[in-house]
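> The structure's right below; bear with me while I get my questions together.
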Amino acid sequence: MKLGKIVDPGYQSVLRKLASQDIPLKTAFKLKGMIKIGNEELVKYEEVRSEALKRLGDKKEDGSLVIDEKGTVKLAEENMEKFVAELNALLVTEINVGSVKLSELGDKVALTTQDLFTLDDLIVE
């Protein structure tokens with residue numbers, strides 16, 4: 001699965017929805033491990049993204065970052081291009097989180113077609 005999918009808030013939301021449902025214990029255990037891997041990758045992603053912003057962001061005279069009223073780090077156009085290129089290269093990184101078969105979820109799971117589409121790299125069969 002691509003890192004970009006793991007860090008997508010929509011993916012995270014549907015994954016939490018699935019994890020909160022009545023699924024067989026063995027599948028729940030497997031899913032918890034997959035969620036743990038995803039969360040660890042999400043933390044690493046946020047750390048390196050933050051480091052890149054610190055490195056490339058506009059700085060005040062005191063060395064602190066220039067942040068606008070929305071809380072966004074200001075980047076010069078040249079640095080914005082570098083940041084976007086580095087971030088895009090990172091987001092296509094393959095992360096092995098595992099998968100679960102649709103049949104392993106049991107017959108009580110309520111997922112929409114959109115939910116299944118969102119989890120297409122996670123749920124196989």
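Chain identifiers are assigned as A, B, and so on, following the order in which chains appear in the structure tokens; residues are numbered from 1 within each chain, and ligands are numbered from 1 in order of appearance.
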Hey, what's within 12 Å of A:Ser64 if we count only C-alpha atoms and toss same-chain stuff fewer than 4 positions away? As a VMD selection string, please?
chain A and resid 53 to 60 73 to 74
> Please return as an MDAnalysis selection string: the residues of chain A that backbone DSSP assigns to helix (DSSP H, G or I).
chainID A and resid 3:6 9:19 25:56 77:91 102:105 113:118
> As a list in words, please: all residues of chain A that backbone DSSP puts in strand (DSSP E).
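Selecting the strand (DSSP E) positions of chain A gives Val100, Lys101, Ile123 and Val124 of chain A.
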> Kindly indicate which residue among A:Val84, A:Val92, A:Ala52, A:Lys108 lies nearest to A:Ser20, using only C-alpha atoms for the distances.
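Selected residue with least distance to A:Ser20: A:Lys108.
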> For a quick check of understanding, using only C-alpha atoms, which of A:Leu111, A:Met80, A:Leu91, A:Ile123 has the smallest distance to A:Leu18?
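The shortest atom-to-atom distance to A:Leu18 comes from A:Leu111.
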> Taking only C-alpha atoms into account, which of A:Gly10, A:Gly33, A:Gly4, A:Pro24 comes nearest A:Leu105?
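For A:Leu105, the nearest of the given residues is A:Pro24.
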> Counting only C-alpha atoms, figure out which residue out of A:Lys36, A:Thr27, A:Glu46, A:Asp121 gets nearest to A:Glu94.
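When distances to A:Glu94 are compared using only C-alpha atoms, the smallest one comes from A:Asp121.
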> When distances are computed from only C-alpha atoms, which of A:Asp8, A:Glu104, A:Asp68, A:Glu51 shows the smallest separation from A:Gly38?
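Nearest candidate to A:Gly38 out of A:Asp8, A:Glu104, A:Asp68, A:Glu51: A:Asp8.
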> Counting only C-alpha atoms, figure out which residue out of A:Val97, A:Ala110, A:Met1, A:Leu102 gets nearest to A:Ile35.
A:Val97
> I want to know what sits within 10 Å of stretch 117-120 of chain A, based on only C-alpha atoms, with residues of the same chain fewer than 2 positions away left out; could you give that as a PyMOL selection string?
chain A and resi 1+5+8+10-15+18+99+111-115+122-125
> Please measure the separation of atom CA of A:Met34 and atom CA of A:Phe83, giving the value in Å to one decimal.
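Value for the atom CA of A:Met34-atom CA of A:Phe83 distance: 28.8 Å.
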> One number please: atom CA of A:Val100 to atom CA of A:Ala28, in Å, one decimal.
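About the pair atom CA of A:Val100 and atom CA of A:Ala28: they are 10.0 Å apart.
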